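For reference, model-v9.tsv is printed below; it contains TSV, C-alpha atoms (C1' of nucleotides).
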chain	number	residue	atom	x	y	z
A	115	MET	CA	107.65	120.19	88.82
A	116	SER	CA	107.34	116.44	88.78
A	117	THR	CA	105.83	116.68	85.32
A	118	THR	CA	108.67	118.72	83.95
A	119	ASN	CA	111.07	116.37	85.57
A	120	GLU	CA	109.50	113.26	84.15
A	121	LEU	CA	109.48	114.73	80.69
A	122	ALA	CA	113.12	115.63	80.98
A	123	SER	CA	113.96	112.23	82.41
A	124	ARG	CA	112.33	110.47	79.51
A	125	GLN	CA	114.18	112.74	77.12
A	126	VAL	CA	117.48	111.81	78.73
A	127	GLU	CA	116.73	108.11	78.55
A	128	SER	CA	115.55	108.33	74.97
A	129	HIS	CA	118.96	109.67	74.10
A	130	GLY	CA	120.51	106.47	75.40
A	131	HIS	CA	121.64	107.83	78.74
A	132	ARG	CA	121.07	106.33	82.15
A	133	LEU	CA	118.94	108.13	84.63
A	134	THR	CA	121.26	108.20	87.60
A	135	GLU	CA	120.93	109.66	91.04
A	136	PRO	CA	123.30	112.61	90.36
A	137	ARG	CA	121.52	113.41	87.13
A	138	ARG	CA	118.16	113.43	88.88
A	139	ALA	CA	119.59	115.74	91.51
A	140	VAL	CA	120.90	118.16	88.89
A	141	LEU	CA	117.59	118.03	87.05
A	142	ASP	CA	115.73	118.82	90.25
A	143	ALA	CA	118.01	121.75	90.96
A	144	ILE	CA	117.38	123.08	87.48
A	145	VAL	CA	113.63	122.87	87.91
A	146	VAL	CA	113.86	124.47	91.34
A	147	ALA	CA	116.02	127.27	89.94
A	148	GLY	CA	112.99	128.23	87.89
A	149	GLY	CA	114.93	130.37	85.45
A	150	ALA	CA	118.32	130.95	83.95
A	151	PHE	CA	121.25	129.53	85.89
A	152	THR	CA	124.99	129.11	85.68
A	153	VAL	CA	126.88	125.89	86.17
A	154	GLU	CA	128.37	127.48	89.22
A	155	GLU	CA	124.95	128.00	90.74
A	156	LEU	CA	124.02	124.42	90.03
A	157	CYS	CA	127.13	123.20	91.75
A	158	ALA	CA	126.22	125.23	94.81
A	159	ALA	CA	122.66	123.92	94.74
A	160	VAL	CA	123.79	120.32	94.53
A	161	PRO	CA	126.96	120.10	96.60
A	162	ALA	CA	126.68	116.34	96.82
A	163	VAL	CA	127.29	116.06	93.10
A	164	GLY	CA	130.80	116.52	91.81
A	165	ARG	CA	131.65	119.56	89.79
A	166	ALA	CA	132.70	117.52	86.78
A	167	THR	CA	129.44	115.62	86.83
A	168	VAL	CA	127.45	118.82	86.88
A	169	PHE	CA	129.32	120.01	83.80
A	170	ARG	CA	128.86	116.64	82.12
A	171	THR	CA	125.16	116.62	82.96
A	172	VAL	CA	124.63	120.13	81.68
A	173	LYS	CA	126.25	119.20	78.40
A	174	LEU	CA	124.17	116.06	78.21
A	175	LEU	CA	120.94	117.91	78.92
A	176	GLN	CA	121.83	120.45	76.32
A	177	GLU	CA	122.38	117.78	73.70
A	178	SER	CA	119.13	116.13	74.69
A	179	GLY	CA	117.33	119.42	74.19
A	180	VAL	CA	116.21	119.61	77.80
A	181	ILE	CA	118.00	122.87	78.46
A	182	CYS	CA	119.35	125.55	76.17
A	183	ARG	CA	122.39	127.73	76.35
A	184	LEU	CA	121.94	131.47	76.65
A	185	SER	CA	124.53	133.96	75.46
A	186	LEU	CA	124.06	137.05	77.55
A	187	ASP	CA	124.66	140.58	76.42
A	188	ASP	CA	127.93	140.78	78.30
A	189	GLY	CA	129.18	137.53	76.87
A	190	SER	CA	128.52	135.41	79.92
A	191	VAL	CA	126.79	132.08	79.57
A	192	ARG	CA	123.72	130.76	81.32
A	193	TYR	CA	121.38	127.88	80.77
A	194	GLN	CA	117.67	127.44	81.10
A	195	LEU	CA	115.04	124.74	80.93
A	196	SER	CA	113.78	124.62	77.37
A	197	HIS	CA	110.03	125.00	77.27
A	198	GLY	CA	109.56	123.24	73.98
A	199	GLY	CA	110.98	123.04	70.49
A	200	HIS	CA	112.39	125.81	68.38
A	201	HIS	CA	112.20	129.20	70.03
A	202	HIS	CA	114.03	132.44	70.73
A	203	HIS	CA	114.86	134.38	73.85
A	204	LEU	CA	113.89	137.64	75.49
A	205	ILE	CA	116.60	138.29	78.05
A	206	CYS	CA	116.09	140.95	80.69
A	207	ASN	CA	119.28	142.80	81.47
A	208	ALA	CA	117.78	144.15	84.67
A	209	CYS	CA	116.48	141.11	86.52
A	210	GLY	CA	117.90	138.28	84.44
A	211	ALA	CA	114.53	136.80	83.58
A	212	VAL	CA	114.42	134.93	80.31
A	213	ASP	CA	111.27	134.52	78.30
A	214	GLU	CA	110.77	132.53	75.13
A	215	PHE	CA	108.87	133.28	71.98
A	216	ARG	CA	108.37	131.72	68.59
A	217	ASP	CA	107.38	133.27	65.32
A	218	SER	CA	107.22	131.31	62.11
A	219	ASP	CA	107.19	134.50	60.03
A	220	LEU	CA	110.45	135.45	61.63
A	221	ASP	CA	111.90	132.03	60.87
A	222	ALA	CA	110.70	132.27	57.29
A	223	LEU	CA	112.35	135.65	56.92
A	224	ILE	CA	115.57	134.20	58.30
A	225	ASP	CA	115.45	131.44	55.73
A	226	ARG	CA	114.86	133.91	52.94
A	227	ASN	CA	117.89	135.95	53.96
A	228	ALA	CA	119.97	132.80	54.03
A	229	ARG	CA	118.76	131.79	50.58
A	230	ASP	CA	119.54	135.25	49.24
A	231	HIS	CA	123.12	134.72	50.33
A	232	GLY	CA	123.41	131.21	48.94
A	233	PHE	CA	123.75	130.09	52.53
A	234	ASP	CA	122.57	126.64	53.59
A	235	VAL	CA	121.14	127.26	57.09
A	236	SER	CA	121.00	124.38	59.50
A	237	SER	CA	120.05	126.38	62.57
A	238	HIS	CA	119.79	129.89	63.85
A	239	SER	CA	119.59	131.69	67.14
A	240	ILE	CA	117.94	134.96	68.02
A	241	GLU	CA	118.29	136.73	71.33
A	242	LEU	CA	116.66	140.00	72.32
A	243	TYR	CA	118.16	142.00	75.16
A	244	GLY	CA	116.39	144.69	77.12
A	245	ARG	CA	113.91	144.91	79.95
A	246	CYS	CA	111.11	142.53	80.67
A	247	ARG	CA	107.57	143.74	81.21
A	248	ASP	CA	108.00	144.03	84.98
A	249	CYS	CA	111.31	145.85	84.87
A	250	ALA	CA	110.09	148.14	82.10
A	251	ALA	CA	107.14	149.07	84.33
A	252	THR	CA	109.60	150.10	87.01
A	253	ALA	CA	111.16	152.56	84.59
A	254	LEU	CA	110.94	156.29	85.19
A	255	PRO	CA	107.91	158.02	83.59
A	256	GLY	CA	109.96	159.93	81.03
A	257	GLU	CA	111.88	156.89	79.92
A	258	THR	CA	110.04	155.89	76.79
A	259	ALA	CA	110.83	152.53	75.35
A	260	SER	CA	113.45	153.44	72.79
A	261	VAL	CA	115.09	151.08	70.39
A	262	VAL	CA	118.83	151.45	70.24
A	263	ARG	CA	120.49	149.11	67.79
A	264	VAL	CA	123.91	147.64	68.46
B	87	MET	CA	143.79	147.58	54.20
B	88	SER	CA	145.07	151.00	55.05
B	89	THR	CA	141.59	152.35	54.54
B	90	THR	CA	140.02	149.90	56.94
B	91	ASN	CA	142.76	150.61	59.37
B	92	GLU	CA	142.37	154.35	59.24
B	93	LEU	CA	138.66	154.08	59.76
B	94	ALA	CA	139.16	151.86	62.75
B	95	SER	CA	141.86	154.12	64.11
B	96	ARG	CA	139.62	157.12	63.92
B	97	GLN	CA	136.88	155.14	65.61
B	98	VAL	CA	139.22	154.27	68.45
B	99	GLU	CA	140.31	157.86	68.89
B	100	SER	CA	136.76	159.15	68.72
B	101	HIS	CA	135.99	156.96	71.71
B	102	GLY	CA	138.61	158.82	73.67
B	103	HIS	CA	141.35	156.23	73.40
B	104	ARG	CA	144.92	156.76	72.39
B	105	LEU	CA	146.20	155.21	69.23
B	106	THR	CA	149.25	153.43	70.52
B	107	GLU	CA	151.80	151.24	68.82
B	108	PRO	CA	150.47	147.98	70.35
B	109	ARG	CA	146.92	148.90	69.36
B	110	ARG	CA	147.99	149.59	65.80
B	111	ALA	CA	149.75	146.25	65.71
B	112	VAL	CA	146.67	144.41	66.92
B	113	LEU	CA	144.51	146.29	64.45
B	114	ASP	CA	146.86	145.34	61.62
B	115	ALA	CA	146.77	141.72	62.66
B	116	ILE	CA	142.97	141.80	62.67
B	117	VAL	CA	142.85	143.24	59.18
B	118	VAL	CA	145.42	140.73	57.96
B	119	ALA	CA	143.45	137.87	59.51
B	120	GLY	CA	140.72	138.77	57.03
B	121	GLY	CA	138.00	136.91	58.86
B	122	ALA	CA	136.94	135.58	62.22
B	123	PHE	CA	139.71	135.18	64.75
B	124	THR	CA	140.27	134.23	68.36
B	125	VAL	CA	142.24	136.22	70.91
B	126	GLU	CA	144.67	133.34	70.95
B	127	GLU	CA	145.31	133.72	67.24
B	128	LEU	CA	145.84	137.43	67.63
B	129	CYS	CA	148.39	136.83	70.35
B	130	ALA	CA	150.26	134.47	68.08
B	131	ALA	CA	150.14	136.97	65.22
B	132	VAL	CA	151.49	139.80	67.37
B	133	PRO	CA	153.95	138.19	69.77
B	134	ALA	CA	155.52	141.55	70.55
B	135	VAL	CA	152.31	142.67	72.23
B	136	GLY	CA	151.52	141.32	75.65
B	137	ARG	CA	148.65	138.93	76.09
B	138	ALA	CA	146.83	141.24	78.50
B	139	THR	CA	147.09	144.12	76.06
B	140	VAL	CA	145.61	142.01	73.29
B	141	PHE	CA	142.66	141.18	75.51
B	142	ARG	CA	142.30	144.81	76.54
B	143	THR	CA	142.49	145.95	72.93
B	144	VAL	CA	139.93	143.43	71.77
B	145	LYS	CA	137.53	144.62	74.43
B	146	LEU	CA	138.20	148.22	73.50
B	147	LEU	CA	137.64	147.57	69.80
B	148	GLN	CA	134.47	145.77	70.62
B	149	GLU	CA	133.15	148.69	72.62
B	150	SER	CA	134.17	151.06	69.84
B	151	GLY	CA	132.19	148.98	67.39
B	152	VAL	CA	135.24	148.15	65.30
B	153	ILE	CA	134.90	144.43	65.80
B	154	CYS	CA	132.03	142.25	66.90
B	155	ARG	CA	131.83	139.16	69.01
B	156	LEU	CA	130.63	135.95	67.42
B	157	SER	CA	129.03	133.12	69.39
B	158	LEU	CA	129.69	129.98	67.44
B	159	ASP	CA	127.42	127.00	67.26
B	160	ASP	CA	129.58	125.03	69.67
B	161	GLY	CA	129.69	127.85	72.17
B	162	SER	CA	133.17	129.05	71.33
B	163	VAL	CA	133.82	132.75	70.85
B	164	ARG	CA	135.44	134.52	67.93
B	165	TYR	CA	135.67	138.10	66.80
B	166	GLN	CA	135.54	139.76	63.43
B	167	LEU	CA	135.97	143.16	61.87
B	168	SER	CA	132.58	144.79	61.75
B	169	HIS	CA	131.72	145.91	58.24
B	170	GLY	CA	129.31	148.61	59.28
B	171	GLY	CA	126.45	149.29	61.63
B	172	HIS	CA	123.69	146.97	62.74
B	173	HIS	CA	123.88	143.57	61.08
B	174	HIS	CA	123.59	139.84	61.61
B	175	HIS	CA	125.84	136.89	60.91
B	176	LEU	CA	125.95	133.94	58.58
B	177	ILE	CA	128.45	131.58	60.13
B	178	CYS	CA	129.78	128.65	58.13
B	179	ASN	CA	130.29	125.58	60.28
B	180	ALA	CA	132.44	124.02	57.59
B	181	CYS	CA	135.09	126.61	56.77
B	182	GLY	CA	134.49	129.17	59.50
B	183	ALA	CA	133.74	132.01	57.11
B	184	VAL	CA	131.45	134.67	58.50
B	185	ASP	CA	129.27	136.82	56.32
B	186	GLU	CA	127.06	139.70	57.35
B	187	PHE	CA	123.58	140.67	56.29
B	188	ARG	CA	121.01	143.25	57.29
B	189	ASP	CA	117.27	143.25	56.84
B	190	SER	CA	115.06	145.98	58.22
B	191	ASP	CA	111.97	143.81	57.82
B	192	LEU	CA	113.60	141.28	60.07
B	193	ASP	CA	114.43	143.94	62.61
B	194	ALA	CA	110.88	145.23	62.48
B	195	LEU	CA	109.53	141.77	63.08
B	196	ILE	CA	111.84	141.41	66.04
B	197	ASP	CA	110.54	144.65	67.49
B	198	ARG	CA	106.97	143.53	67.00
B	199	ASN	CA	107.61	140.30	68.88
B	200	ALA	CA	109.19	142.24	71.68
B	201	ARG	CA	106.24	144.60	71.88
B	202	ASP	CA	103.84	141.67	71.91
B	203	HIS	CA	105.62	140.46	75.02
B	204	GLY	CA	105.72	143.85	76.72
B	205	PHE	CA	109.46	143.64	76.35
B	206	ASP	CA	111.55	146.79	76.01
B	207	VAL	CA	114.27	145.75	73.54
B	208	SER	CA	117.53	147.61	73.58
B	209	SER	CA	119.44	145.30	71.25
B	210	HIS	CA	119.22	141.94	69.59
B	211	SER	CA	121.50	139.46	67.94
B	212	ILE	CA	120.81	136.97	65.21
B	213	GLU	CA	123.20	134.30	64.06
B	214	LEU	CA	122.61	131.76	61.32
B	215	TYR	CA	124.66	128.59	61.28
B	216	GLY	CA	125.15	126.34	58.31
B	217	ARG	CA	127.26	126.21	55.19
B	218	CYS	CA	128.36	129.15	53.13
B	219	ARG	CA	127.83	129.25	49.37
B	220	ASP	CA	131.21	127.71	48.62
B	221	CYS	CA	130.95	124.91	51.13
B	222	ALA	CA	127.36	124.20	50.14
B	223	ALA	CA	128.55	123.83	46.54
B	224	THR	CA	130.98	121.18	47.69
B	225	ALA	CA	128.08	119.17	49.10
B	226	LEU	CA	127.21	115.80	47.61
B	227	PRO	CA	124.60	115.90	44.82
B	228	GLY	CA	121.88	114.17	46.86
B	229	GLU	CA	122.35	116.48	49.83
B	230	THR	CA	119.57	118.95	49.34
B	231	ALA	CA	119.66	122.03	51.49
B	232	SER	CA	117.39	121.02	54.30
B	233	VAL	CA	116.39	123.20	57.18
B	234	VAL	CA	116.72	121.52	60.53
B	235	ARG	CA	115.65	123.67	63.41
B	236	VAL	CA	117.36	123.48	66.76
C	191	DT	C1'	153.79	167.04	81.84
C	192	DT	C1'	150.48	163.93	83.01
C	193	DA	C1'	146.74	161.01	82.14
C	194	DT	C1'	146.70	156.65	79.65
C	195	DG	C1'	148.47	152.56	78.25
C	196	DT	C1'	151.75	148.41	78.56
C	197	DG	C1'	154.22	144.22	79.97
C	198	DC	C1'	154.80	140.74	82.99
C	199	DA	C1'	153.68	137.42	86.01
C	200	DA	C1'	150.42	135.99	89.21
C	201	DA	C1'	145.68	135.26	90.36
C	202	DG	C1'	140.98	134.02	88.95
C	203	DA	C1'	137.53	131.84	86.55
C	204	DT	C1'	135.86	128.24	83.82
C	205	DT	C1'	135.87	123.75	81.81
C	206	DT	C1'	138.05	119.27	80.81
C	207	DT	C1'	140.51	114.95	81.80
C	208	DG	C1'	142.56	110.64	83.90
C	209	DC	C1'	141.62	107.11	86.60
C	210	DA	C1'	139.99	104.05	90.27
C	211	DC	C1'	135.60	103.09	92.08
C	212	DA	C1'	130.32	102.90	92.03
C	213	DA	C1'	125.96	102.03	90.19
C	214	DG	C1'	122.22	101.34	86.67
C	215	DT	C1'	119.97	97.94	83.70
D	233	DA	C1'	128.12	90.94	84.60
D	234	DC	C1'	129.43	94.65	82.23
D	235	DT	C1'	128.69	98.94	80.35
D	236	DT	C1'	128.03	103.56	81.73
D	237	DG	C1'	128.54	107.06	85.07
D	238	DT	C1'	130.90	109.40	89.18
D	239	DG	C1'	134.11	111.76	92.26
D	240	DC	C1'	138.28	113.78	93.00
D	241	DA	C1'	142.06	116.31	92.08
D	242	DA	C1'	145.04	117.82	88.65
D	243	DA	C1'	145.49	120.02	84.24
D	244	DA	C1'	144.20	122.86	80.57
D	245	DT	C1'	141.89	127.04	79.05
D	246	DC	C1'	140.62	131.50	79.04
D	247	DT	C1'	140.57	136.11	81.04
D	248	DT	C1'	141.56	139.61	84.47
D	249	DT	C1'	144.45	142.19	87.75
D	250	DG	C1'	148.28	144.62	90.33
D	251	DC	C1'	151.91	147.31	89.77
D	252	DA	C1'	156.18	149.54	88.16
D	253	DC	C1'	157.50	151.49	83.89
D	254	DA	C1'	156.65	153.63	79.23
D	255	DT	C1'	154.48	156.80	76.09
D	256	DA	C1'	151.00	159.47	73.31
D	257	DA	C1'	149.02	163.96	73.14
As a first step, turn the structure in this file into structure tokens.
Amino acid sequence: MSTTNELASRQVESHGHRLTEPRRAVLDAIVVAGGAFTVEELCAAVPAVGRATVFRTVKLLQESGVICRLSLDDGSVRYQLSHGGHHHHLICNACGAVDEFRDSDLDALIDRNARDHGFDVSSHSIELYGRCRDCAATALPGETASVVRV
Amino acid sequence: MSTTNELASRQVESHGHRLTEPRRAVLDAIVVAGGAFTVEELCAAVPAVGRATVFRTVKLLQESGVICRLSLDDGSVRYQLSHGGHHHHLICNACGAVDEFRDSDLDALIDRNARDHGFDVSSHSIELYGRCRDCAATALPGETASVVRV
DNA sequence: TTATGTGCAAAGATTTTGCACAAGT
DNA sequence: ACTTGTGCAAAATCTTTGCACATAA
């Protein structure tokens, strides 16, 4: 935890922001959360820090690349500690767990599609929704992993 | 326009929903909008229809697959007429235009990644952000299309 | 006729802002 | 010191809900 925290702290400072007490507290709460969280949950976890500051800190951390925004299946928004650079998400609809993955072939294919459309891509986001390994294991025997496109 | 509208209407009815006057009005406004829109814009376009009904209709159309939700780069939400089945989006940050594309290789690669992680995918969403063909053409000569990952 | 849908206004939920005060460097 | 950040409470958004009335099939 302290390692993650130090990394994040440095990242905040390198973006020209002060490392204040409230920000440390929010950062700690995020690390403790251990997974995806809402601003609401953060506020509850750090009651000493004002609501507005939590929102401001979340935005700041997002811009510093410390956390990333998750768009859930149902349209709700959550955030999560970013475990590195460019990546995509595997979001479990059952337990809420969020895993990351990266695949340069996938990224290359994305770029090709963009090029084919004369589109100048600056970024992209990919989110997979379904059930994580653990939740899939809990599935009934007959329930084969089927792919239903939306 | 009438064609699009009839298709959508049928789609609404096939989902067991009545085709009411307010719903027709909202549908018309969506077709007239011609691109991505917000609920707010719809409300303004169809002042005769109550705000709540516009929200309810948008949700209904979304569930019927008539329109799809777009998560913009900045986190804001827009909707757009869906031009068919499974597809992905090319969202222009400059003019707001939204194009669609589909690529089965891409989808296959997505599925492979999921499998590699023991993840049971039920759906996925891919959004590319950048500049559309037209806006890219407006770019300054020196500005080569560079790919900056987020 | 009768299940569905609608409008309105109020309630919720979520996020931002203004401003006086506090704190980091 | 002096810039940057914070707390609070109010405001601005955005979305949903309760309920009496209207309407499509």
Work out how far apart CA of Ile240 (chain A) and CA of Val140 (chain B) are and give it in Å to one decimal.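 Interatomic distance, CA of Ile240 (chain A) to CA of Val140 (chain B): 29.0 Å.
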Would you work out the distance separating CA of Leu141 (chain A) from CA of Leu184 (chain A), expressed in Å to one decimal?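 Here the two named atoms are 17.5 Å from each other.
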Grab the CA of Phe123 (chain B) to CA of Lys145 (chain B) distance for me, in Å with one decimal place.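 Pair CA of Phe123 (chain B) / CA of Lys145 (chain B) returns 13.7 Å.
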Contacts of chain B with chain A up to 7 Å, shortest pair per row, all atoms listed in the file, as a Markdown table:
| residue | atom | partner | partner_atom | distance |
| --- | --- | --- | --- | --- |
| B:His172 | CA | A:Val264 | CA | 5.8 |
| B:Leu192 | CA | A:Leu223 | CA | 6.6 |
| B:Leu195 | CA | A:Leu220 | CA | 6.5 |
| B:Gly204 | CA | A:Arg247 | CA | 4.9 |
| B:Phe205 | CA | A:Cys246 | CA | 4.8 |
| B:Asp206 | CA | A:Arg245 | CA | 5.0 |
| B:Val207 | CA | A:Gly244 | CA | 4.3 |
| B:Ser208 | CA | A:Gly244 | CA | 4.7 |
| B:Ser209 | CA | A:Arg263 | CA | 5.3 |
| B:His210 | CA | A:Leu242 | CA | 4.2 |
| B:Ser211 | CA | A:Glu241 | CA | 5.4 |
| B:Ile212 | CA | A:Ile240 | CA | 4.5 |
| B:Glu213 | CA | A:Ser239 | CA | 5.4 |
| B:Leu214 | CA | A:His238 | CA | 4.2 |
| B:Tyr215 | CA | A:Ser237 | CA | 5.3 |
| B:Gly216 | CA | A:Val235 | CA | 4.3 |
| B:Arg217 | CA | A:Asp234 | CA | 5.0 |
| B:Cys218 | CA | A:Phe233 | CA | 4.7 |
| B:Arg219 | CA | A:Gly232 | CA | 4.9 |
| B:Ala222 | CA | A:Asp234 | CA | 6.4 |
| B:Ala231 | CA | A:Asp234 | CA | 5.8 |
| B:Val233 | CA | A:Ser236 | CA | 5.3 |
| B:Val234 | CA | A:Ser236 | CA | 5.2 |
| B:Arg235 | CA | A:Ser237 | CA | 5.2 |
| B:Val236 | CA | A:His200 | CA | 5.7 |
Residues near DA203 (chain C), cut-off 10 Å, only C-alpha atoms (C1' of nucleotides), skip fewer than 5 positions along chain, as number ranges by chain: D: 245-248
Exercise: region 87-96 of chain B partners within 9 Å, only C-alpha atoms (C1' of nucleotides), chain neighbours under 6 positions left out, as a short mmCIF file (atom, residue, chain, number, x, y, z; two decimals) with C-alpha atoms, keeping the file's coordinate frame:
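Dumped to out-v1.cif:
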data_model
loop_
_atom_site.label_atom_id
_atom_site.label_comp_id
_atom_site.auth_asym_id
_atom_site.auth_seq_id
_atom_site.Cartn_x
_atom_site.Cartn_y
_atom_site.Cartn_z
CA LEU B 105 146.20 155.21 69.23
CA ARG B 109 146.92 148.90 69.36
CA ARG B 110 147.99 149.59 65.80
CA LEU B 113 144.51 146.29 64.45
CA ASP B 114 146.86 145.34 61.62
CA VAL B 117 142.85 143.24 59.18
CA VAL B 118 145.42 140.73 57.96
CA LEU B 147 137.64 147.57 69.80
CA SER B 150 134.17 151.06 69.84
CA GLY B 151 132.19 148.98 67.39
CA VAL B 152 135.24 148.15 65.30
#
Could you make a table, as JSON lines, of the residues of chain B that have an atom within 10 Å of an atom of chain C, each with its nearest atom pair and distance in Å to one decimal, counting all atoms listed in the file, in chain and number order?
{"residue": "B:His103", "atom": "CA", "partner": "C:DT194", "partner_atom": "C1'", "distance": 8.2}
{"residue": "B:Arg104", "atom": "CA", "partner": "C:DT194", "partner_atom": "C1'", "distance": 7.5}
{"residue": "B:Leu105", "atom": "CA", "partner": "C:DG195", "partner_atom": "C1'", "distance": 9.7}
{"residue": "B:Thr106", "atom": "CA", "partner": "C:DG195", "partner_atom": "C1'", "distance": 7.8}
{"residue": "B:Pro108", "atom": "CA", "partner": "C:DT196", "partner_atom": "C1'", "distance": 8.3}
{"residue": "B:Arg109", "atom": "CA", "partner": "C:DG195", "partner_atom": "C1'", "distance": 9.7}
{"residue": "B:Ala134", "atom": "CA", "partner": "C:DG197", "partner_atom": "C1'", "distance": 9.9}
{"residue": "B:Val135", "atom": "CA", "partner": "C:DG197", "partner_atom": "C1'", "distance": 8.1}
{"residue": "B:Gly136", "atom": "CA", "partner": "C:DG197", "partner_atom": "C1'", "distance": 5.9}
{"residue": "B:Arg137", "atom": "CA", "partner": "C:DG197", "partner_atom": "C1'", "distance": 8.6}
{"residue": "B:Ala138", "atom": "CA", "partner": "C:DG197", "partner_atom": "C1'", "distance": 8.1}
{"residue": "B:Thr139", "atom": "CA", "partner": "C:DT196", "partner_atom": "C1'", "distance": 6.8}
For chain D, which of B:Val144, B:Ala122, B:Ile153, B:Ala115 is the closest residue, counting all atoms listed in the file? B:Val144
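Minimum atom-to-atom distances from B:Val112, B:Glu126, B:Gly121, B:Leu158 to chain D were compared using only C-alpha atoms (C1' of nucleotides), and the lowest value belongs to B:Glu126.
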Which residues of chain D come within 9 Å of chain A, and what is each one's closest atom pair and distance in Å (one decimal), counting all atoms listed in the file, sorted by chain and residue number, as CSV?
residue,atom,partner,partner_atom,distance
D:DT236,C1',A:Arg132,CA,7.5
D:DG237,C1',A:Thr134,CA,7.8
D:DT238,C1',A:Thr167,CA,6.8
D:DG239,C1',A:Gly164,CA,5.8
D:DC240,C1',A:Gly164,CA,8.1
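Candidate residues B:Gly170, B:Glu99, B:Arg164, B:Thr143 were compared for distance to Ala183 (chain B), and the nearest is B:Arg164, using all atoms listed in the file.
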